[in-house]
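Quick notes on the structure that follows.
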Amino acid sequence: MRKLAILAAGSVFLALGGAGLLQRSGGAQQGKPAPDSVTATAIAAGDTSDLYGPRQPIFFRHDIHAGQYKIQCQYCHYSVAVSNEPGIPSLQTCMGCHMVISGSDSGGKTEIKKLRQFWADKSDPAKPHLEWSRIHALARHVHFPHSRHIQALGPNACNTCHGDVARMPQVFKVNNVTNMGFCITCHTERKVNRDCTACHY
Amino acid sequence: MSDETPNEGMDRRRFLTVLGATGAGAMVVSGCSTERIEKLVPYLVQSEDQVPGIPTYYASTCTECSAGCGLHVKTREGRAIKLEGNPQHPVNAGKMCSQGESALQGLYNPGRLTGPKTRQPDGSFKDVTWDEAIAALAGKLSGAAGKVAVISGAGRGTFSDFLAEWTAAAGGRVVRYEPFAHEAMRAANLRTFGTNELPAHDFSAAKYIVSFGADFLENWLSPLENQRGFAKSHGYDNGNMAKHVAFAPRMSLTGMNADEWHPTKPGADTAIVLAMANVLLSERSGNPADSNALRGALGAFTPEKAQEASGVGAEVIRRVAREFASAKPSLAVAGGIGNQHRAAVDLCAAVNLLNYIAGNVGTTVNFGSDLDGGEGYGALEALGSDTDGGRVSLVLVHEANPIYSLPAKGGFAAKFKKVPFKVSTSLYLDETAALCDLLLPGLHALERWDDLRPRRGVIGLMQPVMQPVFNGMATGDVLLKTAQKAGGAFSRFNAPSWEAYLKTQWQTVARAQGATDTESFWRAALQRGGVYTEAPVTPVRLAANAGQIGSTPASFDGSEGGDSYWFAPYASVLGDGRFANRPWLLELSDPVTKITWHSWVEVHPELAKRLDVREGEILRLSSPHGNIEAPVYIYPGIHPDVVAVPLGLGHTAFGDFAKDRGVNALDLLDAKDGEGFLPYLATRVTLSKTGQYKKLAKTEGTTRQLGRGIADAMTLDQAKKGLTPALALEEQGHEEHEINTEREVEAIHGFRESQLEKRKHGAYVGDQPMWGMAIDLAKCTGCSACVTACYAENNIPYVGEDEVRRGREMTWIRIERFWEGGGDTGDPLETRVIPMLCQHCDAAPCEPVCPVYAAYHTPDGLNGQIYNRCVGTRYCSNNCPYKVRYFNWFAYAKKAFPEPLNLQLNPDVTVRARGVMEKCTMCVHRIRGAQNAARLEGRELREGDVNTACAQACPSDAIVFGNMKDPGSKVMALKTNHRGYHVFEEINVRPAITYLAKVLHRTEA
């Protein structure tokens, strides 16, 4: 428990510092974005090989949670409106629902079982802990206050940078947020602060 | 290429190895890509008081010295990243010192013990579990009944009470050992006033301060509180300022801040005090009635006799005495490490009389506070003879390191080794722990529950602000568990945990404070950081034997004679050596000598000439008790027949940072007891050249200002007249530099116009703040707390001894120190100190020369430095008149933060890579953070929303930061002060930092 907590702290620190890109190498990977209508539940849990983005330890379906069930982003990423950091939901947040929700199809059931296993093993430092692969990571010399952007663009503005996550069975990087041009384009269009020390310090 | 520093040696083989490794690496990651998969580990359960990205503050108490200052610990994502002062705390009122700041490097020190260990037959340590360790202690304890001894550190609180009870149950006793315990002052107070408590000193009320070797700004009783008070009284305020006169063999940081420093013959200062007291008694009316009884005893001490004994002129003594007498209230202070000679009790007793006669007792010297100083050396010496005689079979050492902090000559180590079973709770493998049989590493003060009673009325609380870094256990818990295992006499220690025990004890505290709801009292205290009440001042009268005045000069070991000199060890940044494993403090240049990382011996220029030594030459110092070798630093602020060496280095254990670094000045001392204390200033040494040389790793450049007008000063009269520094200089006969020809003036004017024109365009338009700073040199003491605060806040890497030697230290803010007078000038030696940091010039010379626009001006008036743009041409640094830009030559951060020191890094500040220029940002991350927070609340920034780390820490409040466009701001009030000036005004760079000239309280002849 203690070890995990330290690990969590250390890892969030890395997250804050940011370090490099996280796209899986190999541009040859052929992915297909999810279809417009939310019928993506048909994708088998194990069959993620042709999806964009890194494969995660649990096949967490943003398209089901945010798309089909229309759960607000901030339900899980709770600190995005108040802090620089959006926050990775704790396992407890997941278990809040999945204590009772076990999934409707076999794929979902398998994944929720994994989650419950991680939760069950939480007090045992010898057992593996959940490690998500990071998708959006800014360089260490960039400081991005999420809260200010949510304030300016509204609570549902996540997709401006992160793409339409509500339609992604597996999250991948839509915009190259590590490219400063991406930021500057928007800041120029909206005539907002373009001072270097707004982000770089 | 390698990021390592060159001192590691790069021979051909190593070069090829590195080249090979780099090549292999390149094949895998294809070129210079930074791609790597990063993992995010979610919390299992989100802590309610932690929001990622937002700091959580916990109130705590500093345990670095016995002053017990209040802390606000800034934590991010569950780890402490910065210590700030608790503004509510009566001792430090929100201020910090370097040592306190560096507690984080104690917490995250790579030399910390990772868990309990026992010694094996072959002498090595073996890891054990806590259950095994506690069983081992409990087992030994039952066999050692009545023969247990505990050596603990100074901290007085619930734990020390508990420890005393616990030890009593074991049939033993506790020595609360503190190397700098002010025992001489206690003994003197007992003699003069019949109480051995340590009084509180109110420097803020004193109008005239005389110190007799007491280094009250660094290590005397409550240094931060002293400094706060000193800045209040001695800092110039509207025509008023106290005067400070120092009599001491060596000019310490305190001496540097004196308006007059008079070098005295070591051990002979009592005569001066008594002569002053005599002058007061015979010339002044209105002395306390009972002090007249001293007339007879004091009559014999004339200034002339004092001159004979001490070497200080009789007319000086008489004048100082008269000035002292006419200022009400005044304050005389004495004692402390730098002046702890064999007659220190006489000296402190004489100062007591002087204060009493002057009517200061009850106004600036207040009994009743009962300051904690621990027990001293005498008690430990008695313990030593017990262990020698086999009367101790189990010793427990808690937060003390007597093996290091006692002179080896005394043989305490040998006596200690005779104890069959030795236990240490030290967090580090220090000299004492290295001799022990069982190591039970405790928890750092930031990881555990505890409290501290530094003085009557003040109880500081400590709470765990984070999970322990290593597998330590609070010593309270260890002792409780051991007691429960041992049973018998220990059976009353049945608290389930140390936390529970502490909380139970606090119910008593709550009831004593009149609280009915103890739980809410506890919570409120925890939030506030403790309980702070005013302790009533206890009136004291002269004791019957107060008139028994001793004035015999202190005796010294070693031969008197032409080639022997007094040896003055003193405490500086590293204190008694407990801070020697913290790289921040090792790299912090000594406030007086500006030397880092190693030991040195201070030699007066006259003596250096006589001995024909130059700076860096290694001298061998020999006393009857031992020898040390250290390089020479030529120091005008020392009595010509005294040589001085700082304490704190020369460790033989205590982690990689401290071990085998420098020399231990205690090696030259005997451990012979004075009057219950260890006399530090008690030896004479002979000097011999070794023929070796070591370039000093110092940050001092030129020691003189050479008319450059960097740290300006004016006399009190000039300040009262409202003169500007330039006019003051003119009055002193200096000619103003005539640098501005007509053409130059035109050019300057044109430049200003063009600057104003630029403000009409782009991002520079609009009503934005303009950040600036004012630094009052009348308040700055040069203590360097700002420097350490900046290191902590801005992830500044230390560079190490060799790199400092090459002039590559990274101090974004540094204290420059210059001498005035002294030497051949015939004027008295004076010091000027000035914090030097990026001036954030409006017309910054660094900006136009940057080929990649890495150095540029932000719309809110900062001189920005964009690391990701910087390509490292270093043109900016070459063009900076203030030399405040620092180049990161070797990715210092990679080496400077070995695990777990990296956990201290501030996530809001980029850790700079190799090859970029870096410098003071005026804590732009704090500004942006405050701006973001304000905008989220839908308002603009207000005065007080944001402060820089240096200004926040500054114990003197010398540094003030704020918005220069706000006419009502504190910073503008100072900037418009007549004492304000810019360094190098004539080069027209228009700095955002205004300095206020120092004010000299000289006695005009």
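So you can find residues: chains in the structure tokens are A, B, ... in the order shown, residues in each start at 1, and ligands are numbered from 1 in order.
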Give as an MDAnalysis selection string every residue of chain B that touches chain A within 9 Å, counting only C-alpha atoms. chainID B and resid 33:46 51:54 76:79 467:469 763 856 858:859 864:868 903 907:912 921 923:925 928:929 932:933 935:936
Would you write out those residues with C-alpha atoms, as an mmCIF file, in the first residue's frame?
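Saved the output as result_3.cif:
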```cif
data_model
loop_
_atom_site.group_PDB
_atom_site.id
_atom_site.type_symbol
_atom_site.label_atom_id
_atom_site.label_comp_id
_atom_site.auth_asym_id
_atom_site.auth_seq_id
_atom_site.Cartn_x
_atom_site.Cartn_y
_atom_site.Cartn_z
ATOM 1 C CA SER B 33 14.632 11.080 -30.399
ATOM 2 C CA THR B 34 13.205 11.584 -26.929
ATOM 3 C CA GLU B 35 10.518 8.976 -27.418
ATOM 4 C CA ARG B 36 9.933 6.571 -24.627
ATOM 5 C CA ILE B 37 6.872 4.972 -23.198
ATOM 6 C CA GLU B 38 5.882 6.594 -19.981
ATOM 7 C CA LYS B 39 3.681 4.927 -17.414
ATOM 8 C CA LEU B 40 0.990 6.519 -15.325
ATOM 9 C CA VAL B 41 0.232 4.814 -12.047
ATOM 10 C CA PRO B 42 -3.146 5.827 -10.680
ATOM 11 C CA TYR B 43 -3.780 6.264 -7.007
ATOM 12 C CA LEU B 44 -5.607 3.387 -5.428
ATOM 13 C CA VAL B 45 -7.631 5.682 -3.253
ATOM 14 C CA GLN B 46 -7.573 9.373 -3.927
ATOM 15 C CA VAL B 51 -5.410 17.469 -5.692
ATOM 16 C CA PRO B 52 -2.862 16.714 -8.382
ATOM 17 C CA GLY B 53 -1.085 19.876 -9.437
ATOM 18 C CA ILE B 54 -2.110 21.840 -6.381
ATOM 19 C CA ARG B 76 2.922 18.135 -4.026
ATOM 20 C CA GLU B 77 1.479 14.730 -4.874
ATOM 21 C CA GLY B 78 2.457 13.395 -1.496
ATOM 22 C CA ARG B 79 5.989 14.568 -1.120
ATOM 23 C CA GLN B 467 4.854 8.554 3.645
ATOM 24 C CA PRO B 468 8.301 7.708 5.022
ATOM 25 C CA VAL B 469 10.959 7.674 2.340
ATOM 26 C CA ALA B 763 1.867 41.878 -26.475
ATOM 27 C CA TYR B 856 13.755 38.397 -24.141
ATOM 28 C CA THR B 858 8.183 39.623 -21.087
ATOM 29 C CA PRO B 859 5.224 42.013 -21.211
ATOM 30 C CA GLY B 864 12.643 35.859 -19.599
ATOM 31 C CA GLN B 865 14.971 32.988 -20.306
ATOM 32 C CA ILE B 866 13.458 30.279 -22.482
ATOM 33 C CA TYR B 867 15.446 27.107 -21.975
ATOM 34 C CA ASN B 868 14.086 25.261 -24.971
ATOM 35 C CA LEU B 903 11.843 13.723 -4.916
ATOM 36 C CA PRO B 907 7.412 20.093 -10.479
ATOM 37 C CA ASP B 908 6.497 23.658 -11.421
ATOM 38 C CA VAL B 909 10.042 24.466 -12.475
ATOM 39 C CA THR B 910 11.874 22.918 -15.394
ATOM 40 C CA VAL B 911 14.960 20.925 -14.489
ATOM 41 C CA ARG B 912 17.451 22.446 -16.851
ATOM 42 C CA THR B 921 13.267 34.068 -13.107
ATOM 43 C CA CYS B 923 9.914 32.973 -9.510
ATOM 44 C CA VAL B 924 7.883 33.357 -12.695
ATOM 45 C CA HIS B 925 6.226 30.004 -11.964
ATOM 46 C CA ARG B 928 1.955 32.441 -13.378
ATOM 47 C CA GLY B 929 0.493 30.141 -10.745
ATOM 48 C CA ASN B 932 -3.964 31.394 -13.004
ATOM 49 C CA ALA B 933 -5.477 31.036 -9.560
ATOM 50 C CA ARG B 935 -8.245 34.237 -13.045
ATOM 51 C CA LEU B 936 -9.996 31.060 -11.960
#
```
Write out as a ChimeraX atom specification which residues come within 7 Å of Leu687 in chain B when counting only C-alpha atoms, dropping same-chain ones fewer than 3 positions away. /B:619-622
Considering only C-alpha atoms, return as a count of residues only whatever protein or nucleic-acid residues lie within 12 Å of range 986-989 of chain B, sequence-local ones (same chain, fewer than 2 positions apart) excluded. 41
Can you tell me which residues surround Ala258 in chain B at a distance of at most 7 Å, considering only C-alpha atoms, apart from same-chain residues fewer than 2 positions away, and format the answer as a CSV table (one decimal) with N, CA and C atoms, in the first residue's frame?
```csv
chain,number,residue,atom,x,y,z
B,244,HIS,N,25.3,48.8,16.6
B,244,HIS,CA,25.8,47.5,17.0
B,244,HIS,C,27.3,47.5,17.1
B,245,VAL,N,27.8,47.2,18.2
B,245,VAL,CA,29.3,47.2,18.4
B,245,VAL,C,29.7,45.8,18.8
B,246,ALA,N,30.7,45.3,18.1
B,246,ALA,CA,31.1,43.9,18.4
B,246,ALA,C,32.5,43.9,18.9
B,254,THR,N,27.9,38.0,12.5
B,254,THR,CA,27.4,39.1,13.4
B,254,THR,C,28.3,40.3,13.4
B,255,GLY,N,29.6,40.0,13.5
B,255,GLY,CA,30.6,41.0,13.5
B,255,GLY,C,30.6,41.8,12.2
B,256,MET,N,30.3,41.1,11.1
B,256,MET,CA,30.2,41.8,9.8
B,256,MET,C,29.1,42.8,9.8
B,260,GLU,N,30.7,48.8,14.5
B,260,GLU,CA,32.1,48.8,14.9
B,260,GLU,C,32.5,47.4,15.3
B,261,TRP,N,33.6,47.0,14.8
B,261,TRP,CA,34.1,45.7,15.2
B,261,TRP,C,35.5,45.9,15.8
```
Could you give me the residues within range 583-621 of chain B that DSSP places in alpha helix (DSSP H), as a short mmCIF file (atom, residue, chain, number, x, y, z; two decimals) with N, CA and C atoms, in the first residue's frame?
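Done, and the output landed in selection_3.cif:
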```cif
data_model
loop_
_atom_site.label_atom_id
_atom_site.label_comp_id
_atom_site.auth_asym_id
_atom_site.auth_seq_id
_atom_site.Cartn_x
_atom_site.Cartn_y
_atom_site.Cartn_z
N PRO B 583 24.17 18.76 0.51
CA PRO B 583 24.91 19.48 -0.53
C PRO B 583 24.54 20.95 -0.68
N TRP B 584 23.28 21.30 -0.39
CA TRP B 584 22.93 22.72 -0.48
C TRP B 584 23.81 23.55 0.45
N LEU B 585 24.00 23.03 1.66
CA LEU B 585 24.76 23.80 2.63
C LEU B 585 26.26 23.70 2.38
N LEU B 586 26.69 22.58 1.80
CA LEU B 586 28.11 22.46 1.48
C LEU B 586 28.47 23.44 0.36
N GLU B 587 27.55 23.60 -0.59
CA GLU B 587 27.82 24.49 -1.71
C GLU B 587 27.51 25.95 -1.37
N PRO B 605 46.02 39.29 7.23
CA PRO B 605 47.03 39.67 6.23
C PRO B 605 48.41 39.93 6.82
N GLU B 606 48.43 40.55 7.99
CA GLU B 606 49.73 40.81 8.62
C GLU B 606 50.47 39.52 8.94
N LEU B 607 49.72 38.60 9.51
CA LEU B 607 50.33 37.32 9.86
C LEU B 607 50.76 36.57 8.60
N ALA B 608 49.94 36.68 7.56
CA ALA B 608 50.28 36.01 6.31
C ALA B 608 51.59 36.56 5.77
N LYS B 609 51.75 37.88 5.92
CA LYS B 609 52.99 38.50 5.44
C LYS B 609 54.17 37.99 6.27
N ARG B 610 53.90 37.93 7.59
CA ARG B 610 54.96 37.49 8.51
C ARG B 610 55.37 36.06 8.20
N LEU B 611 54.37 35.23 7.91
CA LEU B 611 54.66 33.81 7.65
C LEU B 611 55.06 33.57 6.20
#
```
Give the strand (DSSP E or B) residues of range 342-575 of chain B, as DSSP finds them on the backbone, and put them as a ChimeraX atom specification. /B:361,365-371,375,394-398,421-424,428,438-439,450-455,458-462,530-532,557,564-570
File dump, residues just selected, C-alpha atoms, as a JSON list (two decimals), in the first residue's frame:
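Done, and the output landed in out.json:
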```
[["chain", "number", "residue", "atom", "x", "y", "z"],
["B", 361, "VAL", "CA", 17.01, 42.94, 32.41],
["B", 365, "VAL", "CA", 16.75, 40.39, 28.45],
["B", 366, "ASN", "CA", 13.67, 38.54, 29.60],
["B", 367, "PHE", "CA", 13.70, 35.62, 31.93],
["B", 368, "GLY", "CA", 10.68, 33.39, 32.08],
["B", 369, "SER", "CA", 10.86, 32.09, 28.54],
["B", 370, "ASP", "CA", 13.21, 29.29, 29.53],
["B", 371, "LEU", "CA", 14.73, 28.75, 26.10],
["B", 375, "GLU", "CA", 22.09, 19.71, 28.40],
["B", 394, "LEU", "CA", 23.24, -0.71, 27.08],
["B", 395, "VAL", "CA", 23.36, 2.71, 25.51],
["B", 396, "LEU", "CA", 20.77, 4.19, 23.17],
["B", 397, "VAL", "CA", 21.76, 7.19, 21.05],
["B", 398, "HIS", "CA", 18.93, 9.28, 19.66],
["B", 421, "PHE", "CA", 25.35, -3.19, 23.49],
["B", 422, "LYS", "CA", 24.97, 0.08, 21.64],
["B", 423, "VAL", "CA", 21.82, 1.15, 19.83],
["B", 424, "SER", "CA", 21.36, 4.08, 17.50],
["B", 428, "TYR", "CA", 22.10, 8.27, 8.86],
["B", 438, "LEU", "CA", 21.78, -2.21, 16.48],
["B", 439, "LEU", "CA", 20.53, 0.45, 14.11],
["B", 450, "ASP", "CA", 5.96, 14.81, 17.51],
["B", 451, "ASP", "CA", 6.03, 18.07, 19.36],
["B", 452, "LEU", "CA", 8.64, 20.50, 20.61],
["B", 453, "ARG", "CA", 8.70, 23.02, 23.44],
["B", 454, "PRO", "CA", 11.45, 25.45, 22.47],
["B", 455, "ARG", "CA", 10.39, 27.94, 25.14],
["B", 458, "VAL", "CA", 5.31, 27.72, 22.73],
["B", 459, "ILE", "CA", 4.54, 24.14, 21.79],
["B", 460, "GLY", "CA", 5.22, 23.31, 18.17],
["B", 461, "LEU", "CA", 3.53, 20.28, 16.64],
["B", 462, "MET", "CA", 4.90, 18.01, 13.95],
["B", 530, "GLY", "CA", 1.04, 24.28, 17.71],
["B", 531, "VAL", "CA", 0.04, 26.33, 20.71],
["B", 532, "TYR", "CA", 1.50, 29.78, 21.07],
["B", 557, "ASP", "CA", 46.74, 25.01, 26.15],
["B", 564, "SER", "CA", 52.23, 30.19, 18.51],
["B", 565, "TYR", "CA", 48.83, 31.65, 17.85],
["B", 566, "TRP", "CA", 45.39, 31.44, 19.36],
["B", 567, "PHE", "CA", 43.21, 28.91, 17.67],
["B", 568, "ALA", "CA", 39.56, 29.87, 17.22],
["B", 569, "PRO", "CA", 37.25, 27.16, 15.90],
["B", 570, "TYR", "CA", 33.82, 28.55, 15.15]]
```
Tell me which protein, DNA and RNA residues are within 10 Å of Leu974 in chain B, counting only C-alpha atoms, leaving out same-chain ones fewer than 6 positions away, and put them as a PyMOL selection string. chain B and resi 773-776+960+980+994-996
What does the distance from CA of Thr302 in chain B to CA of Ile272 in chain B come to in Å, to one decimal?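 Interatomic distance here is 8.6 Å.
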Shell of 10 Å around Ser160 in chain B, only C-alpha atoms, local chain residues under 4 positions omitted, as a ChimeraX atom specification: /B:152-156,164-166,174,176,451-452,476
Tell me, in Å to one decimal, how far CA of Ile64 in chain A is from CA of Phe182 in chain A.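 Straight-line distance from CA of Ile64 in chain A to CA of Phe182 in chain A works out to 28.2 Å.
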